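A.B. asks: Please find run07.cif (mmCIF, C-alpha atoms and all ligand atoms) on the next line:
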data_final
#
loop_
_atom_site.label_atom_id
_atom_site.label_comp_id
_atom_site.auth_asym_id
_atom_site.auth_seq_id
_atom_site.Cartn_x
_atom_site.Cartn_y
_atom_site.Cartn_z
CA MET A 19 -4.60 -68.08 -38.44
CA PRO A 20 -5.62 -66.19 -35.26
CA LEU A 21 -7.60 -63.49 -37.08
CA GLN A 22 -9.87 -64.65 -39.86
CA ILE A 23 -12.00 -62.32 -41.90
CA ILE A 24 -15.00 -64.27 -43.15
CA ARG A 25 -18.26 -63.56 -44.92
CA ASN A 26 -21.03 -65.30 -42.97
CA ASP A 27 -24.14 -64.93 -40.82
CA ILE A 28 -22.79 -64.63 -37.27
CA THR A 29 -25.79 -66.50 -35.82
CA LYS A 30 -24.65 -69.63 -37.64
CA LEU A 31 -21.15 -69.72 -36.13
CA THR A 32 -20.32 -72.40 -33.60
CA CYS A 33 -17.47 -70.55 -31.90
CA ASP A 34 -17.37 -70.13 -28.11
CA ALA A 35 -18.78 -66.60 -28.19
CA ILE A 36 -20.35 -64.27 -30.70
CA VAL A 37 -20.50 -60.53 -30.17
CA ASN A 38 -23.76 -58.62 -30.58
CA ALA A 39 -23.86 -55.02 -31.76
CA ALA A 40 -26.58 -54.09 -29.30
CA ASN A 41 -28.25 -50.91 -28.10
CA PRO A 42 -28.07 -49.58 -24.52
CA SER A 43 -31.35 -51.27 -23.50
CA LEU A 44 -30.00 -54.73 -24.48
CA LEU A 45 -33.61 -55.62 -25.32
CA GLY A 46 -33.05 -56.34 -29.00
CA GLY A 47 -33.43 -54.29 -32.16
CA GLY A 48 -32.67 -54.62 -35.86
CA GLY A 49 -29.55 -55.61 -37.77
CA VAL A 50 -27.31 -58.17 -36.13
CA ASP A 51 -29.01 -57.52 -32.78
CA GLY A 52 -32.34 -58.57 -34.25
CA ALA A 53 -30.80 -61.61 -35.98
CA ILE A 54 -29.14 -62.81 -32.76
CA HIS A 55 -32.26 -62.39 -30.62
CA LYS A 56 -34.36 -64.14 -33.24
CA ALA A 57 -32.01 -67.13 -33.47
CA ALA A 58 -31.38 -67.31 -29.70
CA GLY A 59 -35.04 -67.37 -28.74
CA LYS A 60 -36.96 -65.83 -25.82
CA GLY A 61 -34.49 -67.09 -23.24
CA LEU A 62 -31.94 -64.53 -24.36
CA LEU A 63 -34.35 -61.63 -23.90
CA ARG A 64 -35.28 -62.91 -20.44
CA GLU A 65 -31.61 -63.00 -19.44
CA CYS A 66 -30.91 -59.58 -20.96
CA ARG A 67 -33.74 -58.05 -18.97
CA LYS A 68 -31.78 -58.81 -15.77
CA LEU A 69 -28.64 -57.00 -16.98
CA GLY A 70 -30.00 -53.47 -16.56
CA GLY A 71 -28.77 -52.24 -19.91
CA CYS A 72 -25.23 -51.44 -21.09
CA LYS A 73 -23.31 -48.20 -21.65
CA THR A 74 -21.68 -47.33 -25.00
CA GLY A 75 -18.20 -48.85 -25.20
CA GLN A 76 -18.98 -51.44 -22.53
CA ALA A 77 -19.85 -55.15 -22.86
CA LYS A 78 -21.95 -57.70 -20.97
CA LEU A 79 -22.13 -61.48 -21.39
CA THR A 80 -25.07 -63.89 -21.53
CA GLY A 81 -25.56 -67.53 -22.48
CA GLY A 82 -26.06 -68.52 -26.12
CA HIS A 83 -29.50 -70.06 -25.55
CA ASP A 84 -30.73 -71.54 -28.89
CA LEU A 85 -27.68 -70.28 -30.77
CA PRO A 86 -24.88 -72.76 -31.66
CA CYS A 87 -22.39 -70.67 -29.64
CA LYS A 88 -21.86 -70.88 -25.87
CA TYR A 89 -22.00 -67.17 -25.03
CA VAL A 90 -23.25 -63.90 -26.48
CA ILE A 91 -21.24 -60.81 -25.62
CA HIS A 92 -23.40 -57.71 -25.99
CA THR A 93 -21.61 -54.47 -26.62
CA VAL A 94 -22.95 -51.04 -27.53
CA GLY A 95 -21.08 -49.22 -30.25
CA PRO A 96 -21.03 -45.45 -30.76
CA LYS A 97 -23.43 -43.72 -33.12
CA TRP A 98 -21.42 -41.96 -35.85
CA ARG A 99 -21.68 -38.18 -35.40
CA GLY A 100 -18.97 -37.05 -37.78
CA GLY A 101 -16.00 -38.62 -36.03
CA GLN A 102 -15.09 -35.68 -33.74
CA ASN A 103 -16.99 -36.89 -30.68
CA GLY A 104 -14.79 -39.73 -29.44
CA GLU A 105 -16.47 -42.34 -31.65
CA ARG A 106 -13.17 -44.06 -32.43
CA GLU A 107 -12.20 -44.44 -28.77
CA GLN A 108 -15.67 -45.73 -27.90
CA LEU A 109 -15.53 -48.27 -30.73
CA GLN A 110 -12.07 -49.41 -29.64
CA SER A 111 -13.46 -49.85 -26.15
CA CYS A 112 -16.22 -52.15 -27.50
CA TYR A 113 -13.65 -54.54 -28.99
CA ARG A 114 -11.37 -54.41 -25.95
CA ALA A 115 -14.17 -54.93 -23.41
CA SER A 116 -15.63 -57.81 -25.45
CA LEU A 117 -12.23 -59.52 -25.84
CA ARG A 118 -11.57 -59.12 -22.11
CA LEU A 119 -14.90 -60.82 -21.31
CA ALA A 120 -14.12 -63.62 -23.79
CA LEU A 121 -10.74 -64.12 -22.09
CA GLU A 122 -12.29 -64.14 -18.60
CA HIS A 123 -14.68 -66.87 -19.76
CA GLU A 124 -11.81 -68.87 -21.31
CA CYS A 125 -13.20 -68.65 -24.83
CA GLN A 126 -10.94 -70.21 -27.45
CA SER A 127 -12.80 -68.55 -30.29
CA VAL A 128 -14.94 -65.44 -30.69
CA ALA A 129 -16.72 -63.83 -33.64
CA PHE A 130 -17.35 -60.10 -34.11
CA PRO A 131 -19.68 -58.32 -36.51
CA LEU A 132 -18.49 -54.95 -37.75
CA ILE A 133 -19.79 -52.99 -34.75
CA SER A 134 -21.52 -49.64 -35.41
CA SER A 135 -21.09 -49.98 -39.18
CA GLY A 136 -24.80 -50.53 -39.83
CA VAL A 137 -27.64 -48.57 -38.21
CA TYR A 138 -25.13 -46.53 -36.20
CA GLY A 139 -23.56 -45.27 -39.41
CA TYR A 140 -19.85 -45.68 -38.66
CA PRO A 141 -18.05 -45.58 -42.07
CA LYS A 142 -17.36 -49.22 -42.88
CA GLU A 143 -13.74 -48.84 -43.94
CA GLN A 144 -12.89 -46.95 -40.74
CA ALA A 145 -14.93 -49.41 -38.66
CA LEU A 146 -12.97 -52.27 -40.24
CA LYS A 147 -9.65 -50.61 -39.48
CA VAL A 148 -10.56 -50.03 -35.82
CA ALA A 149 -11.71 -53.65 -35.53
CA VAL A 150 -8.57 -55.08 -37.14
CA ASP A 151 -6.20 -52.86 -35.14
CA CYS A 152 -7.84 -53.70 -31.80
CA ILE A 153 -8.05 -57.43 -32.49
CA THR A 154 -4.46 -57.73 -33.73
CA GLU A 155 -3.23 -55.71 -30.72
CA PHE A 156 -5.03 -58.22 -28.45
CA LEU A 157 -3.68 -61.25 -30.37
CA ILE A 158 -0.08 -60.16 -29.84
CA GLU A 159 -0.54 -60.95 -26.14
CA HIS A 160 -3.19 -63.68 -26.21
CA ASP A 161 -3.94 -66.90 -28.07
CA MET A 162 -7.50 -66.93 -29.36
CA LEU A 163 -9.15 -67.53 -32.72
CA VAL A 164 -11.00 -64.35 -33.68
CA TYR A 165 -13.41 -64.16 -36.59
CA LEU A 166 -14.33 -60.80 -38.04
CA VAL A 167 -17.60 -61.43 -39.83
CA VAL A 168 -18.14 -59.20 -42.83
CA PHE A 169 -21.78 -59.57 -43.69
CA ASP A 170 -21.96 -57.60 -46.89
CA LYS A 171 -19.35 -56.78 -49.50
CA SER A 172 -19.79 -53.03 -48.97
CA SER A 173 -18.08 -53.51 -45.59
CA PHE A 174 -14.83 -54.28 -47.28
CA GLN A 175 -14.37 -51.51 -49.81
CA ILE A 176 -11.01 -50.55 -51.21
CA SER A 177 -10.71 -47.14 -52.83
CA GLU A 178 -11.83 -46.88 -56.45
CA LYS A 179 -8.34 -45.74 -57.48
CA LEU A 180 -6.61 -48.68 -55.82
CA PHE A 181 -9.16 -51.06 -57.31
CA ALA A 182 -8.60 -49.66 -60.81
CA ASP A 183 -4.81 -49.74 -60.37
CA ILE A 184 -4.84 -53.39 -59.32
CA ALA A 185 -7.29 -54.32 -62.06
CA ALA A 186 -4.94 -52.79 -64.63
CA PHE A 187 -1.98 -54.63 -63.10
CA ILE A 188 -3.90 -57.92 -63.28
CA ASP A 189 -4.92 -57.30 -66.88
CA ASP A 190 -1.35 -56.54 -67.80
CA LYS A 191 0.13 -59.65 -66.15
CA TYR A 192 -2.81 -61.95 -66.89
CA VAL A 193 -2.64 -61.02 -70.57
CA ASP A 194 1.08 -61.94 -70.73
CA THR A 195 0.45 -65.47 -69.64
CA HIS A 196 -2.63 -66.04 -71.74
CA PHE A 197 -1.05 -64.20 -74.60
CA LEU A 198 1.38 -67.12 -74.86
CA PHE A 199 -1.16 -69.87 -75.15
CA ARG A 200 -3.70 -70.38 -77.84
CA ARG A 201 -5.77 -73.52 -78.04
CA THR A 202 -6.18 -74.84 -81.59
CA GLN A 203 -8.50 -77.57 -82.79
CA GLN A 204 -7.84 -80.44 -80.36
CA ASP A 205 -6.48 -83.19 -82.64
CA GLY A 206 -7.55 -86.02 -80.38
CA ARG A 207 -4.09 -86.35 -78.79
CA GLY A 208 -4.80 -83.27 -76.66
CA GLU A 209 -1.96 -81.54 -78.52
CA SER A 210 -2.08 -77.79 -78.39
CA THR A 211 0.14 -75.82 -80.69
CA PHE A 212 1.62 -72.37 -80.21
CA VAL A 213 0.33 -70.51 -83.22
CA GLY A 214 0.76 -66.92 -82.18
CA ALA A 215 -0.75 -64.87 -79.47
CA THR A 216 -4.17 -63.56 -80.10
CA GLU A 217 -6.79 -65.32 -78.06
CA ILE A 218 -6.85 -65.06 -74.29
CA LEU A 219 -7.88 -68.35 -72.74
CA PRO A 220 -10.59 -68.26 -70.09
CA PRO A 221 -8.84 -68.29 -66.69
CA GLN A 222 -9.63 -71.91 -65.81
CA GLU A 223 -8.20 -73.10 -69.14
CA SER A 224 -5.13 -71.00 -68.76
CA GLU A 225 -4.62 -72.12 -65.19
CA ARG A 226 -4.70 -75.71 -66.42
CA ALA A 227 -2.38 -74.75 -69.23
CA ALA A 228 0.02 -72.97 -66.89
CA ARG A 229 -0.04 -75.83 -64.41
CA SER A 230 0.69 -78.39 -67.11
CA ALA A 231 3.67 -76.38 -68.35
CA GLU A 232 6.20 -78.42 -66.40
CA PRO A 233 9.66 -76.78 -66.23
CA PHE A 234 11.34 -77.25 -69.57
CA ARG A 235 14.37 -79.48 -68.84
CA GLU A 236 17.28 -78.11 -70.77
CA ASP A 237 18.73 -81.59 -70.66
CA ALA A 238 15.59 -83.07 -72.28
CA ALA A 239 16.75 -85.03 -75.36
CA PRO A 240 14.68 -84.19 -78.48
CA SER A 241 13.03 -87.58 -78.20
CA ASP A 242 11.85 -86.67 -74.68
CA LEU A 243 10.01 -83.60 -75.84
CA HIS A 244 6.91 -85.53 -76.66
CA LYS A 245 6.86 -86.69 -73.03
CA LEU A 246 6.50 -83.12 -71.79
CA PRO A 247 2.97 -81.82 -71.57
CA PRO A 248 2.01 -80.59 -75.04
CA VAL A 249 1.88 -76.99 -73.87
CA ALA A 250 5.54 -76.90 -72.85
CA ALA A 251 6.67 -78.95 -75.83
CA LYS A 252 5.04 -76.72 -78.43
CA THR A 253 5.15 -73.18 -77.17
CA THR A 254 8.28 -71.21 -77.96
CA ALA A 255 8.11 -68.34 -75.45
CA ALA A 256 6.97 -70.44 -72.47
CA PRO A 257 9.94 -72.88 -72.52
CA MET A 258 12.42 -69.94 -72.49
CA GLN A 259 10.57 -68.60 -69.46
CA THR A 260 10.38 -72.00 -67.74
CA MET A 261 13.95 -72.90 -68.86
CA GLU A 262 15.34 -69.91 -66.93
CA PHE A 263 13.05 -70.82 -64.07
CA SER A 264 14.11 -74.49 -64.05
CA LEU A 265 17.84 -73.66 -64.16
CA ALA A 266 17.51 -71.29 -61.21
CA ASP A 267 15.17 -73.76 -59.61
CA ALA A 268 17.70 -76.60 -59.96
CA LEU A 269 20.55 -74.50 -58.56
CA ARG A 270 18.58 -73.34 -55.60
CA ARG A 271 16.71 -76.48 -54.69
CA GLU A 272 19.72 -78.41 -53.41
CA ASP A 273 20.30 -76.27 -50.34
CA GLU A 274 18.04 -75.40 -47.42
CA SER A 275 14.44 -76.39 -46.73
CA PHE A 276 11.52 -73.96 -46.31
CA SER A 277 11.79 -74.21 -42.55
CA GLN A 278 15.53 -73.48 -42.58
CA ALA A 279 15.10 -70.61 -45.05
CA LEU A 280 12.29 -69.12 -42.96
CA LEU A 281 14.29 -69.22 -39.72
CA ARG A 282 17.31 -67.74 -41.53
CA LYS A 283 15.18 -64.91 -42.89
CA ILE A 284 13.70 -64.19 -39.46
CA ASP A 285 17.24 -63.87 -38.08
CA GLU A 286 18.40 -61.76 -41.05
CA LYS A 287 15.48 -59.39 -40.52
CA GLY A 288 16.26 -59.15 -36.80
CA MET A 289 12.76 -60.35 -35.87
CA THR A 290 11.77 -62.71 -33.07
CA ASP A 291 9.89 -65.87 -34.02
CA SER A 292 6.71 -64.70 -32.28
CA ALA A 293 6.79 -61.23 -33.86
CA CYS A 294 7.11 -62.88 -37.26
CA TYR A 295 4.37 -65.47 -36.96
CA LYS A 296 2.00 -62.97 -35.29
CA LYS A 297 2.58 -60.49 -38.11
CA ALA A 298 2.00 -63.31 -40.58
CA ASN A 299 -1.23 -64.07 -38.74
CA VAL A 300 -0.02 -67.68 -38.27
CA ASP A 301 -0.88 -69.38 -35.00
CA ARG A 302 1.80 -70.50 -32.56
CA LYS A 303 1.07 -74.21 -32.98
CA LEU A 304 1.56 -74.11 -36.75
CA PHE A 305 4.78 -72.15 -36.36
CA SER A 306 6.21 -74.63 -33.87
CA LYS A 307 5.40 -77.43 -36.36
CA ILE A 308 7.33 -75.56 -39.08
CA ARG A 309 10.17 -74.86 -36.68
CA SER A 310 10.53 -78.42 -35.41
CA ASP A 311 10.15 -80.23 -38.75
CA VAL A 312 12.95 -79.28 -41.16
CA HIS A 313 10.98 -80.86 -44.03
CA TYR A 314 7.64 -79.29 -43.17
CA HIS A 315 5.73 -78.14 -46.26
CA PRO A 316 3.38 -75.20 -45.55
CA SER A 317 0.44 -74.21 -47.71
CA LYS A 318 1.18 -71.61 -50.39
CA GLN A 319 -0.91 -69.06 -48.48
CA THR A 320 1.10 -69.62 -45.29
CA ALA A 321 4.38 -69.29 -47.19
CA ILE A 322 3.16 -66.04 -48.76
CA ALA A 323 1.93 -64.76 -45.37
CA PHE A 324 5.47 -65.21 -43.99
CA ALA A 325 6.98 -63.47 -47.03
CA ILE A 326 4.69 -60.51 -46.37
CA ALA A 327 5.45 -60.50 -42.64
CA LEU A 328 9.20 -60.54 -43.39
CA GLU A 329 8.67 -57.82 -46.01
CA LEU A 330 10.64 -59.82 -48.57
CA SER A 331 11.39 -58.48 -52.03
CA LEU A 332 9.76 -60.20 -55.00
CA ASP A 333 12.86 -62.31 -55.65
CA GLU A 334 13.21 -63.24 -51.98
CA THR A 335 9.49 -64.14 -51.95
CA LYS A 336 9.93 -66.37 -55.01
CA ASP A 337 12.93 -68.01 -53.34
CA LEU A 338 11.01 -68.71 -50.13
CA LEU A 339 8.02 -70.06 -52.06
CA LEU A 340 10.31 -72.26 -54.10
CA LYS A 341 11.57 -73.92 -50.92
CA ALA A 342 7.99 -74.94 -50.21
CA GLY A 343 7.53 -76.13 -53.78
CA PHE A 344 5.49 -73.18 -55.01
CA ALA A 345 5.91 -70.36 -57.52
CA LEU A 346 4.05 -67.10 -58.04
CA SER A 347 2.04 -67.65 -61.17
CA HIS A 348 0.73 -65.04 -63.59
CA SER A 349 -2.26 -67.21 -64.22
CA SER A 350 -3.49 -66.67 -60.67
CA LYS A 351 -5.15 -63.38 -59.73
CA PHE A 352 -4.28 -64.07 -56.10
CA ASP A 353 -0.57 -64.28 -56.95
CA ILE A 354 -0.69 -61.23 -59.19
CA ILE A 355 -2.31 -59.16 -56.40
CA ILE A 356 0.41 -60.32 -53.98
CA GLU A 357 3.02 -59.34 -56.56
CA TYR A 358 1.31 -55.93 -56.93
CA PHE A 359 1.70 -55.15 -53.24
CA ILE A 360 5.22 -56.55 -52.87
CA THR A 361 6.56 -54.63 -55.87
CA ARG A 362 5.12 -51.47 -54.29
CA GLY A 363 6.60 -52.26 -50.90
CA ASN A 364 3.15 -52.37 -49.29
CA TYR A 365 3.15 -55.23 -46.76
CA ASN A 366 0.00 -54.26 -44.89
CA VAL A 367 -1.81 -57.61 -44.63
CA PHE A 368 -5.19 -55.99 -44.17
CA GLU A 369 -4.87 -53.69 -47.16
CA ILE A 370 -3.80 -56.76 -49.14
CA ASN A 371 -6.83 -58.65 -47.80
CA GLU A 372 -9.13 -55.77 -48.70
CA ALA A 373 -7.82 -56.02 -52.27
CA LEU A 374 -8.06 -59.82 -52.34
CA PHE A 375 -11.62 -59.55 -51.01
CA ALA A 376 -12.53 -56.99 -53.67
CA PHE A 377 -11.34 -59.41 -56.36
CA ASP A 378 -13.15 -62.37 -54.79
CA GLN A 379 -9.90 -64.11 -53.88
CA ALA A 380 -9.14 -66.11 -50.75
CA LEU A 381 -7.77 -63.89 -48.00
CA LEU A 382 -4.35 -64.14 -46.48
CA GLY A 383 -4.64 -65.67 -43.09
CA VAL A 384 -7.97 -67.33 -43.86
N1 LIG B 401 -24.25 -61.58 -39.25
C1 LIG B 401 -23.14 -60.82 -39.31
N2 LIG B 401 -23.16 -59.49 -39.47
C2 LIG B 401 -24.37 -58.91 -39.62
C3 LIG B 401 -25.59 -59.64 -39.56
C4 LIG B 401 -25.47 -61.04 -39.37
N3 LIG B 401 -26.56 -61.82 -39.31
N4 LIG B 401 -26.62 -58.76 -39.73
C5 LIG B 401 -26.07 -57.55 -39.90
N5 LIG B 401 -24.72 -57.64 -39.83
C6 LIG B 401 -23.73 -56.57 -39.96
C7 LIG B 401 -24.18 -55.36 -40.70
O1 LIG B 401 -24.03 -55.54 -42.11
C8 LIG B 401 -23.18 -54.33 -40.18
O2 LIG B 401 -22.00 -54.39 -40.96
O3 LIG B 401 -23.43 -56.10 -38.66
C9 LIG B 401 -22.87 -54.81 -38.76
C10 LIG B 401 -23.44 -53.93 -37.65
O4 LIG B 401 -24.70 -53.41 -38.10
P1 LIG B 401 -25.95 -53.27 -37.11
O5 LIG B 401 -26.47 -54.57 -36.78
O6 LIG B 401 -26.88 -52.29 -37.73
O7 LIG B 401 -25.34 -52.65 -35.75
P2 LIG B 401 -24.86 -51.18 -35.42
O8 LIG B 401 -24.48 -50.42 -36.64
O9 LIG B 401 -23.85 -51.33 -34.35
O10 LIG B 401 -26.17 -50.48 -34.84
C11 LIG B 401 -26.67 -50.96 -33.62
O11 LIG B 401 -28.82 -51.26 -34.56
O12 LIG B 401 -29.82 -53.26 -34.67
C12 LIG B 401 -29.78 -52.11 -33.95
O13 LIG B 401 -30.39 -52.70 -31.71
C13 LIG B 401 -29.30 -52.35 -32.55
O14 LIG B 401 -29.78 -50.11 -31.88
C14 LIG B 401 -28.75 -51.01 -32.22
C15 LIG B 401 -28.13 -50.57 -33.53
#
Let's see the structure in the file written out as structure tokens.

C.D. replies:
Amino acid sequence: MPLQIIRNDITKLTCDAIVNAANPSLLGGGGVDGAIHKAAGKGLLRECRKLGGCKTGQAKLTGGHDLPCKYVIHTVGPKWRGGQNGEREQLQSCYRASLRLALEHECQSVAFPLISSGVYGYPKEQALKVAVDCITEFLIEHDMLVYLVVFDKSSFQISEKLFADIAAFIDDKYVDTHFLFRRTQQDGRGESTFVGATEILPPQESERAARSAEPFREDAAPSDLHKLPPVAAKTTAAPMQTMEFSLADALRREDESFSQALLRKIDEKGMTDSACYKKANVDRKLFSKIRSDVHYHPSKQTAIAFAIALELSLDETKDLLLKAGFALSHSSKFDIIIEYFITRGNYNVFEINEALFAFDQALLGV
């Protein structure tokens, strides 16, 4: 995935270049500037002294010295003065100038901190949006792996209302699934019996329970029932749910593969291949693998990223996932959050990632 949003200490990253949120003197300071100078050693300061400073919105490159990366790109972000003094344009210029330098030095990978969002006071959510917009704009034209390093959770805040709305949606869906399973006294054969819906299993138990609920085969002779995992054999509501699912599943599975379905959907949506995989934040090499191998099986995250990029409906998403052997499960918060955004027609990958991040889930495109 060309743009990865990660939580890490930028001085630890081994990519080709890391970007420093410096000040105009380039002689070090606090925050990420201080951390980089400390980890790079005195050699970095000596080299910076020869650069003669740097203007806001511009960028200059040095060696990595004692850091694990090859280069450090120093850029000076704007100080936040209310947002009416060209701060946004200056911040955009920091990302563009730094990416240009990385390109000129043939970097395959570069890591950014959230420039200006610390000491310089740029509101984190706005700083994140500027960063993401500039980086994705660059990645449409260029192949590079770009990390956006979010150092503290406060950098990735979704609005309280959205958070509460998603939390309620999760509770609602999560309850349904766990409402169906209740673990009784294990009788030694691992049998669990559906005795009514009161207790909500802890997530890890319910995930195991949901995973073991193999599709209920309508053709299963009574004698076969004991071969199905106990959960499916003994719960009344779940088999109905999985029976519908397995019938549809059986009917659909005999035709096209994931790769064929994906290419068909791209055509149906009138998109080009590159527009689709860029929007899905999938790199070109992975896409050409999917395109050339009709039986290629992507990860669930990649399949979902394509569904979001193609702005598929929930049913179309389930269909596409099914081709890759996956299903959206109500015992996975990640899946429920994806369902939340799709059912509301919101396919903005970065708003989805902000929500996934807020609920401690893996991010799309990571
Ligand atoms: N790794 C990744 N990100 C980090 C790290 C780290 N080790 N340390 C801090 N950050 C994050 C902060 O959480 C913030 O989100 O980097 C972002 C930028 O914050 P600052 O480092 O304060 O930079 P900035 O807001 O651009 O202010 C620059 O601060 O340190 C001084 O000399 C610097 O005067 C300059 C000013």

A.B. asks: Using all atoms listed in the file, find each protein or nucleic acid residue lying at most 6 Å from ligand LIG 401 (chain B); present the set as a PyMOL selection string.

C.D. replies: chain A and resi 27-29+39-41+46-53+95+131-139+167+169-170

A.B. asks: Skipping near chain neighbours, those fewer than 6 positions away, what residues fall within 7 Å of region 306-318 of chain A using only C-alpha atoms, listed as a list in words?

C.D. replies: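 My reading of the contact set: Ser275, Ser277, Gln278, Ala342 and Phe344 of chain A.
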
A.B. asks: As an exercise, work out the distance from CA of Gly104 (chain A) to CA of Asn366 (chain A) in Å and give it to one decimal place.

C.D. replies: 25.9 Å

A.B. asks: Can you list, as a list in words, every protein, DNA or RNA residue that comes within 8 Å of region 159-164 of chain A when you count all atoms listed in the file, leaving out same-chain residues fewer than 3 positions away?

C.D. replies: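 Everything that qualifies: Met19, Pro20, Leu21, Gln22, Cys125, Gln126, Ser127, Val128, Ala129, Phe130, Ile153, Glu155, Phe156 and Asp301 of chain A.
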
A.B. asks: Just write the chosen residues, C-alpha atoms, as an mmCIF file, in the coordinates of the input.

C.D. replies:
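Written file, selection.cif:
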data_model
loop_
_atom_site.group_PDB
_atom_site.id
_atom_site.type_symbol
_atom_site.label_atom_id
_atom_site.label_comp_id
_atom_site.auth_asym_id
_atom_site.auth_seq_id
_atom_site.Cartn_x
_atom_site.Cartn_y
_atom_site.Cartn_z
ATOM 1 C CA MET A 19 -4.600 -68.080 -38.440
ATOM 2 C CA PRO A 20 -5.620 -66.190 -35.260
ATOM 3 C CA LEU A 21 -7.600 -63.490 -37.080
ATOM 4 C CA GLN A 22 -9.870 -64.650 -39.860
ATOM 5 C CA CYS A 125 -13.200 -68.650 -24.830
ATOM 6 C CA GLN A 126 -10.940 -70.210 -27.450
ATOM 7 C CA SER A 127 -12.800 -68.550 -30.290
ATOM 8 C CA VAL A 128 -14.940 -65.440 -30.690
ATOM 9 C CA ALA A 129 -16.720 -63.830 -33.640
ATOM 10 C CA PHE A 130 -17.350 -60.100 -34.110
ATOM 11 C CA ILE A 153 -8.050 -57.430 -32.490
ATOM 12 C CA GLU A 155 -3.230 -55.710 -30.720
ATOM 13 C CA PHE A 156 -5.030 -58.220 -28.450
ATOM 14 C CA ASP A 301 -0.880 -69.380 -35.000
#

A.B. asks: Just want the 8 Å neighbourhood of region 322-333 of chain A, counted on only C-alpha atoms, with same-chain residues fewer than 3 positions away dropped. Output as a PyMOL selection string.

C.D. replies: chain A and resi 280+283-284+287+294-295+297-300+318-319+336-339+357+360-361+363+365-367+382-383

A.B. asks: Of the residues A:Ala115, A:Leu44, A:Val148, A:Leu166, which is the one nearest to Leu31 (chain A), using only C-alpha atoms?

C.D. replies: A:Leu166

A.B. asks: To one decimal place in Å, what is the distance between CA of Gly100 (chain A) and CA of Leu374 (chain A)?

C.D. replies: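 Separating CA of Gly100 (chain A) from CA of Leu374 (chain A) is a distance of 29.1 Å.
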
A.B. asks: Work out how far CA of Glu369 (chain A) is from CA of Ala185 (chain A), in Å to one decimal.

C.D. replies: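 Straight-line distance from CA of Ala185 (chain A) to CA of Glu369 (chain A) works out to 15.1 Å.
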
A.B. asks: Quick one: everything within 10 Å of Leu146 (chain A), counting all atoms listed in the file, minus sequence neighbours fewer than 3 positions away in the same chain. Send it as an MDAnalysis selection string.

C.D. replies: chainID A and resid 131:133 135 140:143 149:152 166 168 173:175 368 372

A.B. asks: Please determine, counting all atoms listed in the file, which residue among A:Ala58, A:Leu157, A:Ile356, A:Val94 has the shortest atom-to-atom distance to Gly71 (chain A).

C.D. replies: A:Val94

A.B. asks: Taking all atoms listed in the file into account, which of A:Ser350, A:Asp285, A:Leu340, A:Leu85 comes nearest Asp273 (chain A)?

C.D. replies: A:Leu340

A.B. asks: When you count all atoms listed in the file, which of these residues is closest to Ile354 (chain A): A:Leu109, A:Ala279, A:Ile188, A:Ala380?

C.D. replies: A:Ile188

A.B. asks: Nearest to Leu304 (chain A) among A:Asn371, A:Thr93, A:Thr320, A:Thr290, with distances taken over all atoms listed in the file: which residue is it?

C.D. replies: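 When distances to Leu304 (chain A) are compared using all atoms listed in the file, the smallest one comes from A:Thr320.
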